file protein28.cif (mmCIF, C-alpha atoms)
data_run
#
loop_
_atom_site.label_atom_id
_atom_site.label_comp_id
_atom_site.auth_asym_id
_atom_site.auth_seq_id
_atom_site.Cartn_x
_atom_site.Cartn_y
_atom_site.Cartn_z
CA MET F 18 -42.64 -94.11 -23.77
CA THR F 19 -46.27 -93.25 -23.09
CA GLU F 20 -47.30 -90.04 -21.40
CA ARG F 21 -49.19 -91.81 -18.63
CA ASN F 22 -47.83 -89.43 -16.00
CA ASP F 23 -48.86 -86.31 -17.80
CA VAL F 24 -51.62 -83.78 -17.50
CA THR F 25 -54.28 -85.72 -19.40
CA ALA F 26 -55.83 -87.41 -16.35
CA THR F 27 -58.89 -85.89 -14.74
CA PRO F 28 -58.71 -84.29 -11.28
CA SER F 29 -61.18 -86.87 -9.90
CA GLN F 30 -58.37 -89.41 -10.17
CA ALA F 31 -56.41 -87.54 -7.50
CA VAL F 32 -57.49 -89.94 -4.75
CA GLY F 33 -57.70 -88.28 -1.39
CA ALA F 34 -56.59 -84.90 -2.65
CA ASP F 35 -59.63 -83.15 -1.27
CA GLN F 36 -60.88 -85.48 1.42
CA PRO F 37 -59.20 -86.12 4.76
CA GLU F 38 -57.09 -89.26 4.72
CA LEU F 39 -55.19 -90.46 7.74
CA SER F 40 -52.96 -93.06 6.16
CA ILE F 41 -49.59 -91.97 4.84
CA ASP F 42 -49.59 -91.19 1.12
CA LYS F 43 -48.44 -94.40 -0.56
CA SER F 44 -47.53 -92.88 -3.91
CA ARG F 45 -43.81 -92.76 -4.54
CA PRO F 46 -42.47 -89.26 -3.89
CA ASP F 47 -39.65 -89.98 -6.34
CA LYS F 48 -42.14 -89.81 -9.20
CA ASP F 49 -44.64 -87.28 -10.45
CA PRO F 50 -48.15 -87.89 -9.13
CA PRO F 51 -50.39 -89.65 -11.69
CA THR F 52 -52.37 -86.48 -12.33
CA GLY F 53 -50.79 -83.21 -13.33
CA GLN F 54 -52.31 -81.27 -10.45
CA SER F 55 -49.06 -79.43 -9.72
CA SER F 56 -49.12 -77.70 -13.08
CA THR F 57 -52.65 -76.32 -13.18
CA GLY F 58 -52.89 -72.56 -13.48
CA LYS F 59 -54.01 -72.19 -9.90
CA GLN F 60 -51.16 -74.28 -8.53
CA LEU F 61 -48.60 -72.44 -10.68
CA ALA F 62 -49.87 -69.15 -9.26
CA LEU F 63 -49.75 -70.53 -5.73
CA GLY F 64 -46.19 -71.79 -6.36
CA LEU F 65 -45.16 -68.31 -7.42
CA LEU F 66 -46.82 -66.76 -4.38
CA PHE F 67 -45.24 -69.24 -1.95
CA GLY F 68 -41.91 -68.69 -3.72
CA LEU F 69 -42.17 -64.93 -3.22
CA ALA F 70 -42.74 -65.48 0.50
CA PHE F 71 -39.96 -68.08 0.72
CA GLY F 72 -37.40 -65.85 -1.05
CA PHE F 73 -38.45 -62.85 1.03
CA LEU F 74 -37.92 -64.81 4.25
CA LEU F 75 -34.62 -66.34 3.14
CA GLN F 76 -33.26 -62.87 2.35
CA LYS F 77 -34.50 -61.38 5.63
CA GLY F 78 -33.02 -64.35 7.48
CA GLY F 79 -29.61 -63.49 6.04
CA VAL F 80 -29.24 -66.89 4.42
CA ALA F 81 -28.86 -65.46 0.93
CA LYS F 82 -25.55 -63.93 2.05
CA TYR F 83 -22.32 -65.64 1.02
CA HIS F 84 -20.57 -65.09 4.36
CA VAL F 85 -23.53 -66.35 6.40
CA LEU F 86 -23.67 -69.61 4.43
CA ILE F 87 -19.92 -70.25 4.34
CA GLY F 88 -19.92 -69.05 7.98
CA VAL F 89 -22.01 -71.99 9.14
CA LEU F 90 -19.69 -74.40 7.33
CA LEU F 91 -16.74 -72.74 9.12
CA LEU F 92 -18.67 -73.25 12.39
CA GLU F 93 -18.61 -69.53 13.18
CA ASP F 94 -21.99 -68.14 12.11
CA PHE F 95 -24.93 -70.29 13.24
CA THR F 96 -27.72 -68.26 11.58
CA VAL F 97 -28.47 -71.10 9.14
CA ILE F 98 -28.87 -73.65 11.95
CA LYS F 99 -31.13 -71.27 13.91
CA VAL F 100 -33.37 -70.70 10.89
CA MET F 101 -33.52 -74.40 10.03
CA LEU F 102 -34.23 -75.66 13.55
CA SER F 103 -36.91 -72.99 14.16
CA ALA F 104 -38.56 -73.93 10.87
CA ILE F 105 -38.42 -77.61 11.78
CA VAL F 106 -39.98 -77.07 15.25
CA VAL F 107 -42.88 -74.95 13.98
CA GLY F 108 -43.36 -76.95 10.77
CA MET F 109 -43.22 -80.31 12.55
CA ILE F 110 -45.86 -79.38 15.12
CA GLY F 111 -47.96 -77.61 12.48
CA VAL F 112 -47.83 -80.24 9.75
CA PHE F 113 -48.37 -83.18 12.13
CA GLY F 114 -51.23 -81.19 13.72
CA LEU F 115 -52.88 -80.66 10.32
CA TYR F 116 -52.25 -84.31 9.52
CA ALA F 117 -53.92 -85.45 12.76
CA LEU F 118 -56.94 -83.30 11.83
CA GLY F 119 -57.06 -85.00 8.45
CA LEU F 120 -56.36 -81.76 6.60
CA VAL F 121 -53.09 -82.68 4.85
CA LYS F 122 -51.22 -85.70 3.54
CA LEU F 123 -47.63 -86.36 4.52
CA HIS F 124 -44.89 -86.61 1.89
CA VAL F 125 -42.21 -88.59 3.67
CA LYS F 126 -39.06 -88.96 1.60
CA PRO F 127 -37.70 -92.48 1.28
CA THR F 128 -34.73 -93.58 3.35
CA ARG F 129 -31.99 -95.07 1.20
CA TYR F 130 -28.90 -95.13 3.33
CA ALA F 131 -26.25 -95.39 0.58
CA ALA F 132 -27.85 -92.73 -1.61
CA ASN F 133 -28.59 -90.43 1.34
CA ILE F 134 -24.97 -90.66 2.54
CA LEU F 135 -23.12 -90.56 -0.80
CA GLY F 136 -25.43 -87.97 -2.33
CA GLY F 137 -25.42 -85.99 0.90
CA LEU F 138 -21.63 -85.84 1.07
CA MET F 139 -21.42 -84.83 -2.60
CA PHE F 140 -24.04 -82.15 -1.97
CA GLY F 141 -21.97 -80.90 0.98
CA VAL F 142 -18.80 -80.50 -1.08
CA GLY F 143 -20.79 -78.59 -3.69
CA PHE F 144 -22.45 -76.53 -0.95
CA ALA F 145 -19.07 -75.23 0.25
CA LEU F 146 -17.80 -74.54 -3.29
CA LEU F 147 -20.92 -72.61 -4.28
CA SER F 148 -21.91 -71.41 -0.79
CA TYR F 149 -25.51 -71.11 -1.88
CA CYS F 150 -27.98 -73.97 -1.96
CA PRO F 151 -30.73 -74.49 -4.54
CA GLY F 152 -33.23 -72.35 -2.58
CA THR F 153 -30.85 -69.76 -1.16
CA GLY F 154 -29.08 -69.51 -4.54
CA ALA F 155 -32.30 -68.19 -6.06
CA ALA F 156 -32.56 -65.76 -3.14
CA ALA F 157 -28.89 -64.75 -3.53
CA LEU F 158 -29.50 -63.92 -7.20
CA GLY F 159 -32.56 -61.90 -6.20
CA GLN F 160 -30.57 -59.72 -3.81
CA GLY F 161 -27.94 -59.08 -6.47
CA ASN F 162 -25.23 -61.73 -5.92
CA PHE F 163 -24.56 -62.35 -9.60
CA ASP F 164 -22.09 -65.18 -8.93
CA ALA F 165 -25.18 -67.25 -8.11
CA LEU F 166 -25.86 -67.33 -11.89
CA ALA F 167 -22.86 -69.64 -12.42
CA GLY F 168 -24.19 -71.78 -9.59
CA ILE F 169 -27.63 -72.00 -11.19
CA LEU F 170 -26.08 -73.11 -14.50
CA GLY F 171 -24.09 -75.69 -12.54
CA LEU F 172 -27.23 -76.90 -10.79
CA MET F 173 -28.88 -77.44 -14.15
CA ALA F 174 -25.81 -79.18 -15.61
CA GLY F 175 -25.50 -81.46 -12.57
CA SER F 176 -29.19 -82.32 -12.74
CA TYR F 177 -28.92 -83.33 -16.38
CA LEU F 178 -25.80 -85.37 -15.65
CA TYR F 179 -27.75 -87.16 -12.92
CA ALA F 180 -30.59 -87.83 -15.33
CA GLU F 181 -28.01 -89.34 -17.73
CA SER F 182 -26.91 -91.78 -15.04
CA SER F 183 -30.32 -92.25 -13.40
CA GLY F 184 -30.91 -95.65 -15.00
CA LEU F 185 -27.63 -97.07 -13.69
CA LEU F 186 -27.94 -95.42 -10.26
CA GLY F 187 -31.52 -96.66 -9.92
CA ARG F 188 -30.30 -100.24 -10.36
CA THR F 189 -27.38 -99.83 -7.94
CA VAL F 190 -26.84 -97.10 -5.33
CA LEU F 191 -30.53 -96.31 -4.85
CA LYS F 192 -31.18 -99.96 -3.97
CA TRP F 193 -28.46 -100.20 -1.33
CA GLY F 194 -29.90 -99.86 2.17
CA ASP F 195 -33.35 -98.94 0.81
CA ARG F 196 -35.68 -98.80 3.83
CA GLY F 197 -38.65 -97.08 2.18
CA LYS F 198 -40.55 -94.38 4.04
CA LEU F 199 -38.90 -94.91 7.40
CA THR F 200 -39.53 -92.28 10.07
CA LEU F 201 -37.80 -91.57 13.37
CA PRO F 202 -40.87 -92.55 15.50
CA GLU F 203 -40.94 -95.92 13.70
CA LEU F 204 -37.23 -96.36 14.29
CA VAL F 205 -37.51 -95.83 18.06
CA ARG F 206 -41.01 -97.42 18.17
CA ILE F 207 -43.04 -94.73 19.88
CA SER F 208 -46.16 -92.96 18.65
CA PRO F 209 -45.62 -90.02 16.26
CA ALA F 210 -47.50 -87.62 18.59
CA THR F 211 -45.28 -88.44 21.58
CA PHE F 212 -42.20 -88.30 19.42
CA VAL F 213 -43.10 -84.88 18.01
CA LEU F 214 -43.61 -83.46 21.53
CA ILE F 215 -40.33 -84.85 22.88
CA PHE F 216 -38.36 -83.97 19.78
CA ALA F 217 -39.76 -80.44 19.52
CA SER F 218 -38.80 -79.84 23.17
CA LEU F 219 -35.28 -81.13 22.53
CA LEU F 220 -34.90 -78.86 19.49
CA VAL F 221 -36.09 -75.86 21.53
CA VAL F 222 -33.47 -76.69 24.17
CA ALA F 223 -30.87 -76.91 21.39
CA LEU F 224 -31.95 -73.46 20.13
CA VAL F 225 -31.69 -71.96 23.63
CA VAL F 226 -28.21 -73.43 24.04
CA LEU F 227 -27.21 -72.14 20.58
CA GLU F 228 -28.44 -68.65 21.47
CA ARG F 229 -26.36 -68.70 24.67
CA VAL F 230 -23.10 -70.07 23.28
CA THR F 231 -22.89 -68.55 19.80
CA ILE F 232 -21.96 -65.01 18.86
CA ARG F 233 -24.29 -65.14 15.86
CA MET O 279 -22.71 -92.12 13.60
CA THR O 280 -19.85 -92.07 16.09
CA ARG O 281 -17.37 -91.52 13.29
CA THR O 282 -19.44 -88.57 12.10
CA THR O 283 -19.55 -87.11 15.58
CA LEU O 284 -15.79 -87.53 15.92
CA ALA O 285 -15.22 -85.79 12.60
CA VAL O 286 -17.39 -82.85 13.65
CA VAL O 287 -15.62 -82.58 17.01
CA ALA O 288 -12.22 -82.75 15.32
CA LEU O 289 -13.22 -79.99 12.91
CA ALA O 290 -14.55 -77.88 15.77
CA LEU O 291 -11.22 -78.22 17.57
CA ALA O 292 -9.41 -77.40 14.35
CA THR O 293 -11.37 -74.13 14.11
CA ALA O 294 -10.37 -73.15 17.60
CA GLY O 295 -6.74 -73.79 16.65
CA THR O 296 -6.73 -71.98 13.31
CA ALA O 297 -9.19 -69.12 13.93
CA VAL O 298 -6.37 -66.86 15.09
CA ALA O 299 -4.29 -67.57 12.01
CA SER O 300 -7.03 -67.09 9.41
CA PRO O 301 -6.36 -64.35 6.84
CA PRO O 302 -7.92 -60.91 7.47
CA GLY O 303 -11.41 -60.48 6.01
CA THR O 304 -12.25 -64.17 6.20
CA ASP O 305 -14.08 -63.89 9.51
CA PRO O 306 -17.77 -64.27 8.58
CA LEU O 307 -18.83 -62.41 11.72
CA ALA O 308 -17.09 -59.26 10.46
CA TYR O 309 -19.82 -58.93 7.83
CA PRO O 310 -23.46 -57.91 8.42
CA GLY O 311 -25.83 -60.56 9.80
CA PRO O 312 -29.50 -61.16 9.05
CA ALA O 313 -31.96 -58.23 8.96
CA TRP O 314 -34.55 -60.15 10.97
CA SER O 315 -34.20 -62.57 13.87
CA PRO O 316 -33.32 -66.02 12.51
CA TYR O 317 -35.82 -67.56 14.95
CA LEU O 318 -38.64 -65.39 13.60
CA VAL O 319 -37.69 -66.18 10.00
CA GLY O 320 -37.46 -69.90 10.80
CA ALA O 321 -40.85 -69.89 12.52
CA LEU O 322 -42.40 -68.10 9.53
CA ILE O 323 -40.86 -70.66 7.14
CA GLY O 324 -42.47 -73.32 9.35
CA LEU O 325 -45.85 -71.60 8.91
CA LEU O 326 -45.20 -71.29 5.18
CA SER O 327 -44.61 -75.06 5.07
CA MET O 328 -48.00 -75.64 6.66
CA ALA O 329 -49.54 -73.43 3.98
CA THR O 330 -47.85 -75.30 1.11
CA PHE O 331 -49.02 -78.65 2.53
CA TYR O 332 -52.55 -77.37 2.97
CA PHE O 333 -53.05 -75.37 -0.22
CA SER O 334 -50.77 -77.18 -2.67
CA ASP O 335 -50.28 -80.67 -1.15
CA LYS O 336 -46.54 -80.05 -1.54
CA PRO O 337 -43.57 -79.71 0.80
CA LEU O 338 -41.15 -76.81 0.23
CA GLY O 339 -38.32 -77.95 -2.01
CA ALA O 340 -36.11 -76.21 -4.55
CA SER O 341 -33.72 -78.61 -6.26
CA THR O 342 -36.18 -80.47 -8.52
CA ALA O 343 -36.91 -77.17 -10.26
CA TYR O 344 -33.37 -77.07 -11.66
CA ALA O 345 -33.72 -80.64 -12.92
CA ARG O 346 -36.96 -79.74 -14.71
CA LEU O 347 -35.38 -76.60 -16.21
CA ALA O 348 -32.37 -78.65 -17.35
CA GLY O 349 -34.76 -81.19 -18.88
CA MET O 350 -36.55 -78.43 -20.77
CA MET O 351 -33.20 -77.24 -22.15
CA GLY O 352 -32.32 -80.84 -22.99
CA LYS O 353 -35.58 -81.25 -24.88
CA LEU O 354 -34.68 -78.24 -27.03
CA PHE O 355 -31.37 -79.76 -28.15
CA ALA O 356 -31.93 -83.52 -27.89
CA PRO O 357 -35.63 -84.20 -27.40
CA ARG O 358 -35.58 -87.95 -28.03
CA HIS O 359 -32.52 -88.57 -25.87
CA THR O 360 -33.85 -86.44 -23.00
CA GLU O 361 -37.17 -88.27 -23.00
CA SER O 362 -35.39 -91.62 -22.97
CA LEU O 363 -33.68 -90.90 -19.64
CA LYS O 364 -35.21 -92.69 -16.67
CA TYR O 365 -35.25 -89.58 -14.49
CA TYR O 366 -37.19 -87.56 -17.04
CA GLN O 367 -39.70 -90.38 -17.45
CA ASP O 368 -40.42 -90.10 -13.72
CA PHE O 369 -40.21 -86.29 -13.64
CA LYS O 370 -41.46 -84.64 -16.81
CA PRO O 371 -39.43 -81.62 -17.90
CA LYS O 372 -42.14 -78.98 -17.59
CA PHE O 373 -43.07 -75.83 -15.73
CA ASP O 374 -44.58 -76.96 -12.46
CA TRP O 375 -45.22 -75.72 -8.93
CA GLU O 376 -41.58 -76.06 -7.86
CA VAL O 377 -40.20 -74.17 -10.87
CA MET O 378 -42.59 -71.35 -10.02
CA LEU O 379 -41.48 -71.54 -6.38
CA VAL O 380 -37.84 -70.96 -7.37
CA ILE O 381 -38.74 -68.13 -9.77
CA GLY O 382 -40.84 -66.60 -6.99
CA ALA O 383 -37.93 -66.93 -4.55
CA VAL O 384 -35.75 -64.76 -6.81
CA GLY O 385 -38.45 -62.10 -6.84
CA GLY O 386 -39.16 -62.34 -3.12
CA ALA O 387 -35.50 -61.95 -2.22
CA PHE O 388 -35.23 -58.99 -4.56
CA LEU O 389 -38.19 -57.37 -2.83
CA ALA O 390 -36.77 -58.03 0.64
CA ALA O 391 -33.30 -56.74 -0.25
CA TRP O 392 -34.66 -53.69 -2.07
CA LEU O 393 -37.05 -52.71 0.72
CA GLY O 394 -34.35 -53.33 3.32
CA GLY O 395 -31.58 -51.49 1.45
CA GLU O 396 -29.53 -54.69 1.17
CA MET O 397 -29.14 -55.00 -2.61
CA THR O 398 -25.58 -56.11 -3.35
CA GLY O 399 -25.17 -55.98 -7.13
CA GLU O 400 -21.78 -57.70 -7.09
CA TRP O 401 -20.07 -60.55 -8.91
CA LEU O 402 -17.68 -61.36 -6.09
CA PRO O 403 -18.65 -61.69 -2.41
CA ALA O 404 -16.34 -59.67 -0.14
CA MET O 405 -15.33 -62.68 1.92
CA TRP O 406 -14.37 -64.59 -1.21
CA THR O 407 -12.23 -61.66 -2.39
CA ALA O 408 -10.51 -61.45 1.00
CA ARG O 409 -9.41 -65.06 0.59
CA PHE O 410 -8.85 -65.46 -3.14
CA GLY O 411 -7.99 -61.94 -4.33
CA GLU O 412 -9.64 -59.19 -6.38
CA ASP O 413 -8.92 -60.84 -9.73
CA SER O 414 -10.46 -64.21 -8.89
CA LEU O 415 -13.72 -63.88 -10.84
CA GLY O 416 -12.88 -66.85 -13.08
CA LEU O 417 -12.05 -69.00 -10.08
CA ARG O 418 -15.26 -67.96 -8.34
CA LEU O 419 -17.48 -68.64 -11.33
CA GLY O 420 -15.72 -71.97 -11.92
CA ALA O 421 -16.10 -73.01 -8.27
CA ALA O 422 -19.74 -71.92 -8.28
CA PHE O 423 -20.46 -73.89 -11.48
CA VAL O 424 -18.69 -77.06 -10.30
CA GLY O 425 -20.21 -76.62 -6.84
CA GLY O 426 -23.68 -76.24 -8.31
CA GLY O 427 -23.12 -79.34 -10.43
CA LEU O 428 -22.01 -81.47 -7.48
CA MET O 429 -24.88 -80.16 -5.39
CA ALA O 430 -27.52 -80.98 -7.96
CA PHE O 431 -26.10 -84.45 -8.61
CA GLY O 432 -25.85 -85.08 -4.88
CA ALA O 433 -29.32 -83.71 -4.20
CA ARG O 434 -30.86 -85.93 -6.85
CA MET O 435 -29.05 -88.98 -5.51
CA ALA O 436 -29.87 -88.17 -1.87
CA GLY O 437 -33.46 -87.30 -2.79
CA GLY O 438 -33.51 -83.61 -1.87
CA CYS O 439 -31.62 -80.45 -0.94
CA THR O 440 -31.38 -78.14 2.06
CA SER O 441 -35.08 -77.28 1.60
CA GLY O 442 -36.53 -80.65 0.57
CA HIS O 443 -34.53 -82.73 3.04
CA GLY O 444 -33.18 -80.02 5.36
CA ILE O 445 -36.51 -78.43 6.23
CA SER O 446 -39.43 -80.40 4.76
CA GLY O 447 -38.02 -83.92 5.17
CA THR O 448 -36.62 -83.39 8.64
CA MET O 449 -39.88 -81.85 9.93
CA GLN O 450 -41.74 -84.95 8.72
CA LEU O 451 -39.19 -86.99 10.70
CA SER O 452 -37.88 -88.93 7.71
CA VAL O 453 -34.80 -90.91 8.76
CA GLY O 454 -33.23 -90.49 5.32
CA SER O 455 -33.63 -86.71 5.51
CA TRP O 456 -31.81 -86.50 8.85
CA VAL O 457 -29.02 -88.74 7.51
CA ALA O 458 -28.75 -86.61 4.37
CA VAL O 459 -28.64 -83.31 6.28
CA VAL O 460 -25.87 -84.54 8.57
CA CYS O 461 -23.93 -85.56 5.44
CA PHE O 462 -24.58 -82.15 3.79
CA PHE O 463 -22.86 -80.52 6.75
CA VAL O 464 -20.04 -83.09 7.08
CA GLY O 465 -19.12 -82.67 3.40
CA GLY O 466 -19.63 -78.90 3.53
CA ILE O 467 -17.66 -78.29 6.72
CA ALA O 468 -14.69 -80.37 5.52
CA THR O 469 -14.60 -78.54 2.16
CA ALA O 470 -15.10 -75.07 3.67
CA PHE O 471 -12.18 -75.62 6.05
CA LEU O 472 -9.98 -76.72 3.15
CA MET O 473 -10.98 -73.57 1.24
CA PHE O 474 -10.70 -70.99 4.01
CA ARG O 475 -8.67 -72.34 6.91
CA VAL O 476 -5.80 -74.36 5.49
#
call {"tool": "encode", "arguments": {"input": "protein28.cif", "output": "C-alpha cells"}}
result
Amino acid sequence: MTERNDVTATPSQAVGADQPELSIDKSRPDKDPPTGQSSTGKQLALGLLFGLAFGFLLQKGGVAKYHVLIGVLLLEDFTVIKVMLSAIVVGMIGVFGLYALGLVKLHVKPTRYAANILGGLMFGVGFALLSYCPGTGAAALGQGNFDALAGILGLMAGSYLYAESSGLLGRTVLKWGDRGKLTLPELVRISPATFVLIFASLLVVALVVLERVTIR
Amino acid sequence: MTRTTLAVVALALATAGTAVASPPGTDPLAYPGPAWSPYLVGALIGLLSMATFYFSDKPLGASTAYARLAGMMGKLFAPRHTESLKYYQDFKPKFDWEVMLVIGAVGGAFLAAWLGGEMTGEWLPAMWTARFGEDSLGLRLGAAFVGGGLMAFGARMAGGCTSGHGISGTMQLSVGSWVAVVCFFVGGIATAFLMFRV
C-alpha cells in the first residue's frame, strides 16, 4: 500500500485550513486528512497542552472517580450527565458561532444506524465493566487509580481486534443504515441557528430540572 | 426509540425497588463527589472544545489514540500484517494530536488531584471492594481489561467514545452521535445493574 495519507504532502494542500469556509468539511472523518497536519511539532505540542487542560478538568469534575462513573450507570450520581450537558450547551453555541463567523470547520461524524447502535451497546457494556471511558480512564490513571492500567491495555487490545475485523465490518455493519453526515437540524428540517437556540434552551431546562431532582 | 425509553424507565423503577436492598458501601453517593461544580467543569470543557476547533481543527476525542498506540505496538511485532489491515490504512499508527491529548490528560489529572489533595494511589476502588471483596484484584483487572476491549471495539464500530461522540459529536448535532450516546448509556446501565444491584 502506498503512503498517500502520510506526512509527505505540503501544508498548502490543506484546502481551507487557514481560510474561512462556510460549507461543511467534505473529507471523510473516518480517515486521516490527506496532509499530516495533526502530527506537526506545533500540533503535537498543542495536543499535549489541550490534553493537560482536559485531564485537569475531568479530574476536578469528579469524572475520573470510579464511584462517580458507575454511579451514573446506577442512576444515582448524575455528575457525568451534568458535565456532559453543560459542555454540549457551551460547545454547541460556541462552535456553531465560530462556524458562522467562518473561523472553524465542522467535523460532523457520520450517522450509520447499525454501527452506532451495535457499537454503542458494546461500548456501554464495556463502560460498566471498566467504569472509566477512554478519556476519563487516562484521567483516572493520572489521579492514581492504577486499575485503569488494565483498562488501557484492554482498550489497545480491543482497538487492534477491531482493526483485524475492519475489512469485514466495513463491507457489512458499517454499510447498514448509512446516512452520511446527517444532523438533527436536517432531520427536523429547520435552520441550524434556530435549532441550536431551541436545543440549547431545552438542555438548560434539563440541567435546571436535574439540579432540582438529583442529590448529586 | 420507544423501546429504549421503556427500558430506561424500567431500570429507573428497578433502582427504586432495589436501592434499599443494595449491599453496604455500594451507594455511590456515600463517596466524595467532584471538587468543582460539574456545571463549571462542563462549561470549561465546552470552551476547551472551541479552542481545539480553532487552534487545531480537531474535536476533542480520546479513543482513536488507543487504536494508534495499539497499531504502533502491532507494527513492532507484525509490521506487514498491521499495515495490511484496512483500519490502519485509513488511520496510520503514529504519534498524533490525539495521542498527545490522552498523554496530556494523564498529566493534567495528576496535577489536579495532586494540587487538590485527591491522589488515590490504589489498585482497587472502594466501591468495587465493597461489592466484590478485598481479594478481588484479579477479578477487577480482568473486568477492566475485558471492559476496555469491548469499549474500544464498540467505539471504533460506533465511530467514537464518550468524548468523540458524547461531547464533540453531540454538540455538532450529529444524529449518529446522539444515537450512539443513548446506546452507551442503555448498555452501561443494564450491565451496571447486573453487577451491583442483582
call {"tool": "resolve_selection", "arguments": {"input": "protein28.cif", "expression": "the PyMOL selection byres ((chain O and resi 417) around 12)", "output": "count of residues only"}}
result
24
call {"tool": "closest_residue", "arguments": {"input": "protein28.cif", "among": "O:Lys353, O:His359, O:Arg346, O:Arg475", "to": "Pro371 of chain O", "atoms": "all atoms listed in the file"}}
result
O:Arg346
call {"tool": "residues_around", "arguments": {"input": "protein28.cif", "residues": "Val121 of chain F", "least_positions_apart": "3", "cutoff": "6 Å", "atoms": "all atoms listed in the file", "output": "list in words"}}
result
Leu115 and Tyr116 of chain F; Tyr332 of chain O
call {"tool": "closest_residue", "arguments": {"input": "protein28.cif", "among": "F:Gly159, F:Ile98, F:Gly154, F:Leu118", "to": "Phe463 of chain O", "atoms": "all atoms listed in the file"}}
result
F:Ile98
call {"tool": "resolve_selection", "arguments": {"input": "protein28.cif", "expression": "the PyMOL selection byres ((chain F and resi 66) around 12)", "output": "count of residues only"}}
result
31
call {"tool": "atom_distance", "arguments": {"input": "protein28.cif", "atom1": "atom CA of Cys439 of chain O", "atom2": "atom CA of Leu74 of chain F"}}
result
17.6 Å
call {"tool": "closest_residue", "arguments": {"input": "protein28.cif", "among": "O:Ala356, O:Leu393, O:Ala404, O:Leu325", "to": "Gly303 of chain O", "atoms": "all atoms listed in the file"}}
result
O:Ala404
call {"tool": "atom_distance", "arguments": {"input": "protein28.cif", "atom1": "atom CA of Asp335 of chain O", "atom2": "atom CA of Ile110 of chain F"}}
result
16.9 Å
call {"tool": "residues_near_point", "arguments": {"input": "protein28.cif", "point": "(-38.7, -90.9, 3.5)", "cutoff": "12 Å", "atoms": "all atoms listed in the file", "output": "ChimeraX atom specification"}}
result
/F:41-47,123-130,133,195-201,203 /O:436-438,442-443,446-458
call {"tool": "atom_distance", "arguments": {"input": "protein28.cif", "atom1": "atom CA of Glu361 of chain O", "atom2": "atom CA of Phe431 of chain O"}}
result
18.6 Å
